[in-house]
$ cat final-v1.cif   # mmCIF, C-alpha atoms
data_entry
#
loop_
_atom_site.group_PDB
_atom_site.id
_atom_site.type_symbol
_atom_site.label_atom_id
_atom_site.label_comp_id
_atom_site.auth_asym_id
_atom_site.auth_seq_id
_atom_site.Cartn_x
_atom_site.Cartn_y
_atom_site.Cartn_z
ATOM 1 C CA MET A 1 -8.464 -20.982 -22.912
ATOM 2 C CA ILE A 2 -4.779 -21.289 -21.985
ATOM 3 C CA ARG A 3 -4.920 -18.022 -20.055
ATOM 4 C CA HIS A 4 -7.927 -19.266 -18.086
ATOM 5 C CA ALA A 5 -6.151 -22.524 -17.255
ATOM 6 C CA VAL A 6 -2.976 -20.686 -16.201
ATOM 7 C CA SER A 7 -5.028 -18.340 -14.003
ATOM 8 C CA ILE A 8 -6.839 -21.199 -12.271
ATOM 9 C CA PHE A 9 -3.528 -22.964 -11.665
ATOM 10 C CA LEU A 10 -1.896 -19.841 -10.197
ATOM 11 C CA TRP A 11 -4.887 -19.130 -7.948
ATOM 12 C CA ALA A 12 -4.740 -22.727 -6.700
ATOM 13 C CA VAL A 13 -1.001 -22.541 -5.998
ATOM 14 C CA GLY A 14 -1.377 -19.160 -4.318
ATOM 15 C CA SER A 15 -4.286 -20.335 -2.176
ATOM 16 C CA LEU A 16 -2.425 -23.423 -0.980
ATOM 17 C CA PHE A 17 0.547 -21.283 0.031
ATOM 18 C CA PHE A 18 -1.611 -18.527 1.508
ATOM 19 C CA ILE A 19 -3.318 -20.811 4.049
ATOM 20 C CA PRO A 20 -0.185 -21.498 6.155
ATOM 21 C CA VAL A 21 1.036 -17.938 5.525
ATOM 22 C CA PHE A 22 -2.202 -16.581 6.992
ATOM 23 C CA PHE A 23 -1.785 -18.548 10.216
ATOM 24 C CA ILE A 24 1.894 -17.621 10.523
ATOM 25 C CA VAL A 25 1.088 -13.924 10.170
ATOM 26 C CA VAL A 26 -1.845 -14.139 12.607
ATOM 27 C CA LEU A 27 0.319 -15.781 15.252
ATOM 28 C CA SER A 28 3.020 -13.182 14.634
ATOM 29 C CA ILE A 29 0.543 -10.337 15.123
ATOM 30 C CA PHE A 30 -0.407 -11.694 18.534
ATOM 31 C CA PHE A 31 2.972 -12.847 19.830
ATOM 32 C CA LEU A 32 5.738 -10.870 18.099
ATOM 33 C CA PRO A 33 6.670 -7.175 17.913
ATOM 34 C CA ARG A 34 5.108 -5.360 14.974
ATOM 35 C CA LYS A 35 8.438 -4.770 13.237
ATOM 36 C CA LYS A 36 9.310 -8.474 13.408
ATOM 37 C CA THR A 37 5.882 -9.356 12.036
ATOM 38 C CA ALA A 38 6.423 -6.902 9.183
ATOM 39 C CA ASP A 39 9.763 -8.553 8.353
ATOM 40 C CA ILE A 40 8.147 -12.000 8.301
ATOM 41 C CA SER A 41 5.244 -10.744 6.177
ATOM 42 C CA ARG A 42 7.680 -9.192 3.687
ATOM 43 C CA ILE A 43 9.500 -12.482 3.139
ATOM 44 C CA LEU A 44 6.278 -14.477 2.817
ATOM 45 C CA SER A 45 4.743 -11.901 0.451
ATOM 46 C CA ARG A 46 7.763 -12.145 -1.833
ATOM 47 C CA ILE A 47 7.428 -15.928 -1.975
ATOM 48 C CA LEU A 48 3.662 -15.763 -2.552
ATOM 49 C CA ILE A 49 3.764 -13.328 -5.456
ATOM 50 C CA ARG A 50 6.618 -15.241 -7.083
ATOM 51 C CA LEU A 51 4.627 -18.469 -6.886
ATOM 52 C CA MET A 52 1.726 -16.631 -8.522
ATOM 53 C CA GLY A 53 3.797 -15.506 -11.480
ATOM 54 C CA ILE A 54 4.897 -12.010 -10.474
ATOM 55 C CA ARG A 55 8.559 -11.198 -11.113
ATOM 56 C CA LEU A 56 9.080 -8.260 -8.784
ATOM 57 C CA LYS A 57 11.702 -5.638 -9.576
ATOM 58 C CA VAL A 58 12.301 -2.871 -7.017
ATOM 59 C CA SER A 59 14.478 0.216 -7.223
ATOM 60 C CA GLY A 60 15.031 3.238 -5.007
ATOM 61 C CA GLN A 61 15.130 1.463 -1.643
ATOM 62 C CA GLY A 62 18.466 3.095 -0.863
ATOM 63 C CA GLY A 63 16.801 6.496 -0.453
ATOM 64 C CA ILE A 64 14.860 5.362 2.619
ATOM 65 C CA GLN A 65 16.513 6.653 5.781
ATOM 66 C CA PRO A 66 16.350 4.425 8.892
ATOM 67 C CA GLY A 67 14.635 6.093 11.807
ATOM 68 C CA ARG A 68 12.634 8.536 9.679
ATOM 69 C CA ARG A 69 8.864 8.307 9.659
ATOM 70 C CA TYR A 70 7.086 8.472 6.327
ATOM 71 C CA LEU A 71 3.663 8.956 4.852
ATOM 72 C CA ILE A 72 3.946 6.436 2.016
ATOM 73 C CA MET A 73 1.900 7.117 -1.142
ATOM 74 C CA GLY A 74 1.602 5.363 -4.476
ATOM 75 C CA ASN A 75 -0.752 4.366 -7.266
ATOM 76 C CA HIS A 76 -3.338 1.618 -6.764
ATOM 77 C CA GLN A 77 -3.376 -0.844 -9.655
ATOM 78 C CA SER A 78 -4.627 -4.165 -8.333
ATOM 79 C CA LEU A 79 -5.823 -6.281 -5.433
ATOM 80 C CA PHE A 80 -2.276 -7.656 -5.384
ATOM 81 C CA ASP A 81 -0.962 -4.316 -4.109
ATOM 82 C CA LEU A 82 -1.770 -5.929 -0.766
ATOM 83 C CA PHE A 83 1.207 -8.271 -1.228
ATOM 84 C CA VAL A 84 3.476 -6.383 -3.629
ATOM 85 C CA ILE A 85 3.856 -3.217 -1.540
ATOM 86 C CA PRO A 86 4.901 -4.979 1.698
ATOM 87 C CA ALA A 87 7.296 -7.078 -0.405
ATOM 88 C CA ALA A 88 8.822 -4.001 -2.039
ATOM 89 C CA ILE A 89 9.030 -1.334 0.679
ATOM 90 C CA PRO A 90 11.389 -2.354 3.522
ATOM 91 C CA VAL A 91 9.799 -0.475 6.414
ATOM 92 C CA CYS A 92 7.130 -1.321 8.960
ATOM 93 C CA PHE A 93 3.855 0.483 8.283
ATOM 94 C CA VAL A 94 0.134 0.527 8.958
ATOM 95 C CA GLY A 95 -2.492 1.519 6.429
ATOM 96 C CA VAL A 96 -5.435 3.848 6.053
ATOM 97 C CA GLU A 97 -8.247 1.951 4.362
ATOM 98 C CA ALA A 98 -11.981 1.960 3.723
ATOM 99 C CA ALA A 99 -14.052 1.610 6.891
ATOM 100 C CA ARG A 100 -16.131 -1.216 5.364
ATOM 101 C CA HIS A 101 -13.054 -3.488 5.411
ATOM 102 C CA PHE A 102 -13.164 -3.471 9.200
ATOM 103 C CA SER A 103 -16.600 -5.127 9.156
ATOM 104 C CA TYR A 104 -15.313 -8.197 7.297
ATOM 105 C CA PRO A 105 -15.180 -11.321 9.509
ATOM 106 C CA ILE A 106 -11.690 -12.137 10.806
ATOM 107 C CA PHE A 107 -9.954 -9.832 8.309
ATOM 108 C CA GLY A 108 -11.517 -6.755 9.890
ATOM 109 C CA TYR A 109 -10.442 -7.823 13.361
ATOM 110 C CA LEU A 110 -6.882 -8.527 12.215
ATOM 111 C CA ILE A 111 -6.329 -5.219 10.423
ATOM 112 C CA LYS A 112 -7.663 -3.406 13.488
ATOM 113 C CA LYS A 113 -5.320 -5.446 15.694
ATOM 114 C CA TRP A 114 -2.426 -4.560 13.392
ATOM 115 C CA GLY A 115 -3.211 -0.868 13.745
ATOM 116 C CA ASN A 116 -4.735 0.046 10.390
ATOM 117 C CA ILE A 117 -6.923 3.133 10.448
ATOM 118 C CA PRO A 118 -10.486 3.111 9.026
ATOM 119 C CA ILE A 119 -11.670 6.042 6.950
ATOM 120 C CA GLN A 120 -15.261 6.782 5.958
ATOM 121 C CA ARG A 121 -14.817 9.018 2.929
ATOM 122 C CA LYS A 122 -18.496 9.889 2.543
ATOM 123 C CA ASN A 123 -18.764 11.204 6.109
ATOM 124 C CA LEU A 124 -16.640 14.341 6.422
ATOM 125 C CA LYS A 125 -16.698 14.408 10.233
ATOM 126 C CA GLN A 126 -15.593 10.776 10.520
ATOM 127 C CA ALA A 127 -12.980 11.235 7.789
ATOM 128 C CA ARG A 128 -11.453 14.142 9.701
ATOM 129 C CA GLU A 129 -11.316 12.033 12.863
ATOM 130 C CA SER A 130 -9.540 9.262 10.933
ATOM 131 C CA LEU A 131 -6.971 11.750 9.647
ATOM 132 C CA ARG A 132 -6.440 13.045 13.191
ATOM 133 C CA ILE A 133 -5.747 9.499 14.397
ATOM 134 C CA ALA A 134 -3.398 8.938 11.452
ATOM 135 C CA ALA A 135 -1.487 12.117 12.274
ATOM 136 C CA LYS A 136 -1.014 10.949 15.868
ATOM 137 C CA THR A 137 0.159 7.553 14.594
ATOM 138 C CA ILE A 138 2.868 9.189 12.504
ATOM 139 C CA GLU A 139 3.853 11.471 15.377
ATOM 140 C CA ALA A 140 4.300 8.328 17.507
ATOM 141 C CA GLY A 141 6.873 7.069 15.000
ATOM 142 C CA MET A 142 4.920 4.658 12.786
ATOM 143 C CA ASN A 143 4.926 4.881 8.991
ATOM 144 C CA ILE A 144 1.559 4.976 7.222
ATOM 145 C CA VAL A 145 0.581 3.880 3.718
ATOM 146 C CA ILE A 146 -2.311 5.758 2.138
ATOM 147 C CA LEU A 147 -3.410 5.413 -1.485
ATOM 148 C CA PRO A 148 -4.588 8.870 -2.599
ATOM 149 C CA GLU A 149 -6.671 7.581 -5.533
ATOM 150 C CA GLY A 150 -9.085 6.091 -3.003
ATOM 151 C CA GLY A 151 -9.559 2.895 -5.038
ATOM 152 C CA ARG A 152 -8.107 0.714 -7.771
ATOM 153 C CA THR A 153 -7.751 2.034 -11.293
ATOM 154 C CA LEU A 154 -10.276 0.763 -13.845
ATOM 155 C CA THR A 155 -8.256 1.753 -16.896
ATOM 156 C CA GLY A 156 -4.604 1.400 -15.938
ATOM 157 C CA LYS A 157 -4.283 5.176 -15.652
ATOM 158 C CA MET A 158 -4.154 6.945 -12.303
ATOM 159 C CA LYS A 159 -7.412 8.358 -10.990
ATOM 160 C CA PRO A 160 -7.529 11.910 -9.584
ATOM 161 C CA PHE A 161 -6.153 12.130 -6.052
ATOM 162 C CA LYS A 162 -8.334 12.837 -3.029
ATOM 163 C CA LYS A 163 -7.435 15.819 -0.856
ATOM 164 C CA GLY A 164 -7.583 13.969 2.480
ATOM 165 C CA PRO A 165 -4.099 12.401 2.322
ATOM 166 C CA PHE A 166 -2.558 15.809 1.778
ATOM 167 C CA HIS A 167 -4.399 17.389 4.678
ATOM 168 C CA LEU A 168 -2.866 14.524 6.662
ATOM 169 C CA ALA A 169 0.606 15.206 5.267
ATOM 170 C CA LYS A 170 0.471 18.834 6.351
ATOM 171 C CA ALA A 171 -1.046 18.051 9.758
ATOM 172 C CA ALA A 172 1.438 15.272 10.593
ATOM 173 C CA GLY A 173 4.584 17.099 9.509
ATOM 174 C CA ALA A 174 5.981 13.909 7.992
ATOM 175 C CA ASP A 175 8.076 13.358 4.908
ATOM 176 C CA ILE A 176 6.256 11.754 1.976
ATOM 177 C CA LEU A 177 7.748 8.609 0.455
ATOM 178 C CA PRO A 178 6.319 8.241 -3.072
ATOM 179 C CA TYR A 179 6.385 5.080 -5.132
ATOM 180 C CA GLY A 180 5.054 4.029 -8.509
ATOM 181 C CA VAL A 181 3.876 0.571 -9.589
ATOM 182 C CA LYS A 182 3.995 -0.596 -13.195
ATOM 183 C CA GLY A 183 2.700 -3.913 -14.531
ATOM 184 C CA LEU A 184 0.301 -4.915 -11.765
ATOM 185 C CA TYR A 185 -2.789 -3.709 -13.648
ATOM 186 C CA GLN A 186 -1.776 -5.920 -16.558
ATOM 187 C CA TYR A 187 -1.292 -8.817 -14.144
ATOM 188 C CA ASN A 188 -4.768 -8.579 -12.627
ATOM 189 C CA LYS A 189 -7.479 -6.025 -13.334
ATOM 190 C CA LYS A 190 -10.274 -5.100 -10.969
ATOM 191 C CA GLY A 191 -13.280 -7.375 -11.412
ATOM 192 C CA SER A 192 -11.355 -10.125 -13.229
ATOM 193 C CA TYR A 193 -9.957 -13.411 -11.944
ATOM 194 C CA LEU A 194 -7.571 -13.692 -14.906
ATOM 195 C CA LEU A 195 -3.868 -13.451 -14.115
ATOM 196 C CA THR A 196 -1.139 -12.622 -16.608
ATOM 197 C CA PRO A 197 2.285 -13.620 -15.234
ATOM 198 C CA GLY A 198 5.028 -11.097 -15.862
ATOM 199 C CA GLU A 199 7.286 -8.418 -14.452
ATOM 200 C CA VAL A 200 5.999 -5.884 -11.943
ATOM 201 C CA VAL A 201 8.192 -2.859 -11.270
ATOM 202 C CA VAL A 202 8.034 -0.800 -8.081
ATOM 203 C CA THR A 203 10.063 2.396 -8.227
ATOM 204 C CA ILE A 204 10.522 4.184 -4.903
ATOM 205 C CA GLY A 205 11.210 7.872 -5.287
ATOM 206 C CA PRO A 206 13.351 10.111 -3.103
ATOM 207 C CA PRO A 207 11.469 11.197 0.037
ATOM 208 C CA VAL A 208 9.777 14.585 -0.249
ATOM 209 C CA SER A 209 10.766 16.403 2.922
ATOM 210 C CA TYR A 210 8.198 18.212 5.036
ATOM 211 C CA GLU A 211 10.428 21.282 5.005
ATOM 212 C CA LYS A 212 9.992 21.473 1.236
ATOM 213 C CA ILE A 213 6.203 21.185 1.272
ATOM 214 C CA LYS A 214 5.135 22.819 4.528
ATOM 215 C CA ASP A 215 4.163 26.061 2.799
ATOM 216 C CA TYR A 216 2.352 24.369 -0.081
ATOM 217 C CA SER A 217 -1.418 24.518 -0.231
ATOM 218 C CA VAL A 218 -3.228 21.179 -0.120
ATOM 219 C CA GLU A 219 -3.972 21.495 -3.832
ATOM 220 C CA GLU A 220 -0.359 22.314 -4.719
ATOM 221 C CA LEU A 221 0.895 19.376 -2.683
ATOM 222 C CA ARG A 222 -1.660 17.037 -4.247
ATOM 223 C CA ASP A 223 -0.598 18.085 -7.752
ATOM 224 C CA LEU A 224 3.108 17.736 -6.932
ATOM 225 C CA ILE A 225 2.721 14.207 -5.576
ATOM 226 C CA PHE A 226 0.404 13.190 -8.420
ATOM 227 C CA GLU A 227 3.031 14.229 -10.970
ATOM 228 C CA THR A 228 5.769 12.517 -8.962
ATOM 229 C CA ILE A 229 3.933 9.191 -8.662
ATOM 230 C CA GLU A 230 2.788 9.310 -12.281
ATOM 231 C CA GLU A 231 6.409 9.668 -13.395
ATOM 232 C CA LEU A 232 7.581 6.892 -11.061
ATOM 233 C CA SER A 233 4.872 4.551 -12.378
ATOM 234 C CA ARG A 234 6.282 4.954 -15.886
ATOM 235 C CA SER A 235 9.866 4.150 -14.837
#

$ encode --input "final-v1.cif" --output "structure tokens"
Amino acid sequence: MIRHAVSIFLWAVGSLFFIPVFFIVVLSIFFLPRKKTADISRILSRILIRLMGIRLKVSGQGGIQPGRRYLIMGNHQSLFDLFVIPAAIPVCFVGVEAARHFSYPIFGYLIKKWGNIPIQRKNLKQARESLRIAAKTIEAGMNIVILPEGGRTLTGKMKPFKKGPFHLAKAAGADILPYGVKGLYQYNKKGSYLLTPGEVVVTIGPPVSYEKIKDYSVEELRDLIFETIEELSRS
């Protein structure tokens, strides 16, 4: 009963804070440069998750090199990845996400305006076109976040990785920036409204240079990054 009451309270606090945050970010998207909007979103995300009971601990930020472009990959534990990852990773990025998200009222328009890239995983031709667009986005100098599990974990353990992100990595010629999240699944599991306040750890690994992986097969690269992220998520 106490956990239910705490969860309702945290959702209420988070919702009250999120309303002005939403309008601030929307206005920023339309009137400010993308990097400035990302900086504002990072600060507001940190405040939001703290109000909702997440004590965020981040390590490994020092390995990120200014001016480099990255394909950012990590494990997908919770809906709250949406706020924790921008709060933890200090670079401007767009995302690759499920095409159905772009049909949602308002939200779909905003993520398209931001520059996120839709991917239809069940349609191979459309998926390839999405990866081509993503490769051009990286070549133009923008970082991209892609979650290779393709969806949130149901057990707390990482799901097998899809191959698509690693075709993208080889096509774009970008370094991979891996990160691991620990504690967010315990905070909020898929399909549950219950929240368990506590520490969430994001460990950012050293970038994996394209020069190191350019001769890897897609399967070899997938396995390497899976092992890397799995280790980071236990840190």

$ closest_residue --input "final-v1.cif" --among "A:Ile133, A:Ala140, A:Ile85, A:Ile225" --to "A:Val202" --atoms "only C-alpha atoms"
A:Ile85

$ atom_distance --input "final-v1.cif" --atom1 "atom CA of A:Ser235" --atom2 "atom CA of A:Pro207"
16.5 Å

$ closest_residue --input "final-v1.cif" --among "A:Ala134, A:Ala87, A:Ile54, A:Arg68" --to "A:Arg42" --atoms "all atoms listed in the file"
A:Ala87

$ resolve_selection --input "final-v1.cif" --expression "the PyMOL selection byres ((chain A and resi 52) around 9)" --output "VMD selection string"
chain A and resid 7 9 to 11 13 to 14 47 to 51 53 to 54 195 197

$ closest_residue --input "final-v1.cif" --among "A:Met142, A:Ala169, A:Ile8, A:Leu177" --to "A:Lys35" --atoms "all atoms listed in the file"
A:Met142

$ decode --input "final-v1.cif" --residues "stretch 28-80 of chain A" --atoms "C-alpha atoms" --output "PDB file, in the first residue's frame"
ATOM      1  CA  SER A  28      13.064  25.795 -27.684  1.00  0.00           C
ATOM      2  CA  ILE A  29      12.642  23.368 -30.581  1.00  0.00           C
ATOM      3  CA  PHE A  30      11.014  26.081 -32.672  1.00  0.00           C
ATOM      4  CA  PHE A  31      13.103  29.102 -31.706  1.00  0.00           C
ATOM      5  CA  LEU A  32      16.540  27.944 -30.520  1.00  0.00           C
ATOM      6  CA  PRO A  33      19.416  26.022 -32.129  1.00  0.00           C
ATOM      7  CA  ARG A  34      19.233  22.275 -31.585  1.00  0.00           C
ATOM      8  CA  LYS A  35      22.340  22.180 -29.398  1.00  0.00           C
ATOM      9  CA  LYS A  36      20.940  24.874 -27.098  1.00  0.00           C
ATOM     10  CA  THR A  37      17.653  22.990 -26.874  1.00  0.00           C
ATOM     11  CA  ALA A  38      19.558  19.828 -25.968  1.00  0.00           C
ATOM     12  CA  ASP A  39      21.377  21.686 -23.173  1.00  0.00           C
ATOM     13  CA  ILE A  40      18.086  23.003 -21.786  1.00  0.00           C
ATOM     14  CA  SER A  41      16.464  19.564 -22.025  1.00  0.00           C
ATOM     15  CA  ARG A  42      19.404  18.001 -20.165  1.00  0.00           C
ATOM     16  CA  ILE A  43      19.033  20.369 -17.217  1.00  0.00           C
ATOM     17  CA  LEU A  44      15.257  19.948 -17.056  1.00  0.00           C
ATOM     18  CA  SER A  45      15.517  16.149 -17.353  1.00  0.00           C
ATOM     19  CA  ARG A  46      17.907  16.045 -14.409  1.00  0.00           C
ATOM     20  CA  ILE A  47      15.478  18.055 -12.286  1.00  0.00           C
ATOM     21  CA  LEU A  48      12.492  15.941 -13.366  1.00  0.00           C
ATOM     22  CA  ILE A  49      14.027  12.567 -12.575  1.00  0.00           C
ATOM     23  CA  ARG A  50      15.315  13.830  -9.229  1.00  0.00           C
ATOM     24  CA  LEU A  51      11.835  15.025  -8.289  1.00  0.00           C
ATOM     25  CA  MET A  52      10.536  11.571  -9.216  1.00  0.00           C
ATOM     26  CA  GLY A  53      12.943   9.787  -6.907  1.00  0.00           C
ATOM     27  CA  ILE A  54      15.818   8.865  -9.215  1.00  0.00           C
ATOM     28  CA  ARG A  55      19.302   9.527  -7.836  1.00  0.00           C
ATOM     29  CA  LEU A  56      21.355   9.585 -11.015  1.00  0.00           C
ATOM     30  CA  LYS A  57      25.020   8.617 -10.939  1.00  0.00           C
ATOM     31  CA  VAL A  58      27.035   8.967 -14.161  1.00  0.00           C
ATOM     32  CA  SER A  59      30.588   7.931 -14.945  1.00  0.00           C
ATOM     33  CA  GLY A  60      32.717   7.876 -18.076  1.00  0.00           C
ATOM     34  CA  GLN A  61      31.713  11.257 -19.503  1.00  0.00           C
ATOM     35  CA  GLY A  62      35.366  12.254 -19.752  1.00  0.00           C
ATOM     36  CA  GLY A  63      35.930   9.792 -22.603  1.00  0.00           C
ATOM     37  CA  ILE A  64      33.623  11.715 -24.942  1.00  0.00           C
ATOM     38  CA  GLN A  65      35.648  13.806 -27.376  1.00  0.00           C
ATOM     39  CA  PRO A  66      34.176  17.172 -28.458  1.00  0.00           C
ATOM     40  CA  GLY A  67      33.655  17.420 -32.185  1.00  0.00           C
ATOM     41  CA  ARG A  68      33.452  13.661 -32.757  1.00  0.00           C
ATOM     42  CA  ARG A  69      30.226  12.158 -34.023  1.00  0.00           C
ATOM     43  CA  TYR A  70      28.932   9.032 -32.336  1.00  0.00           C
ATOM     44  CA  LEU A  71      26.430   6.269 -32.807  1.00  0.00           C
ATOM     45  CA  ILE A  72      25.287   5.964 -29.193  1.00  0.00           C
ATOM     46  CA  MET A  73      24.063   2.533 -28.026  1.00  0.00           C
ATOM     47  CA  GLY A  74      22.891   1.186 -24.696  1.00  0.00           C
ATOM     48  CA  ASN A  75      20.449  -1.129 -22.964  1.00  0.00           C
ATOM     49  CA  HIS A  76      16.748  -0.269 -22.743  1.00  0.00           C
ATOM     50  CA  GLN A  77      15.375  -0.784 -19.239  1.00  0.00           C
ATOM     51  CA  SER A  78      12.426   1.549 -18.796  1.00  0.00           C
ATOM     52  CA  LEU A  79      10.174   4.261 -20.173  1.00  0.00           C
ATOM     53  CA  PHE A  80      12.301   6.640 -18.103  1.00  0.00           C
TER      54      PHE A  80
END
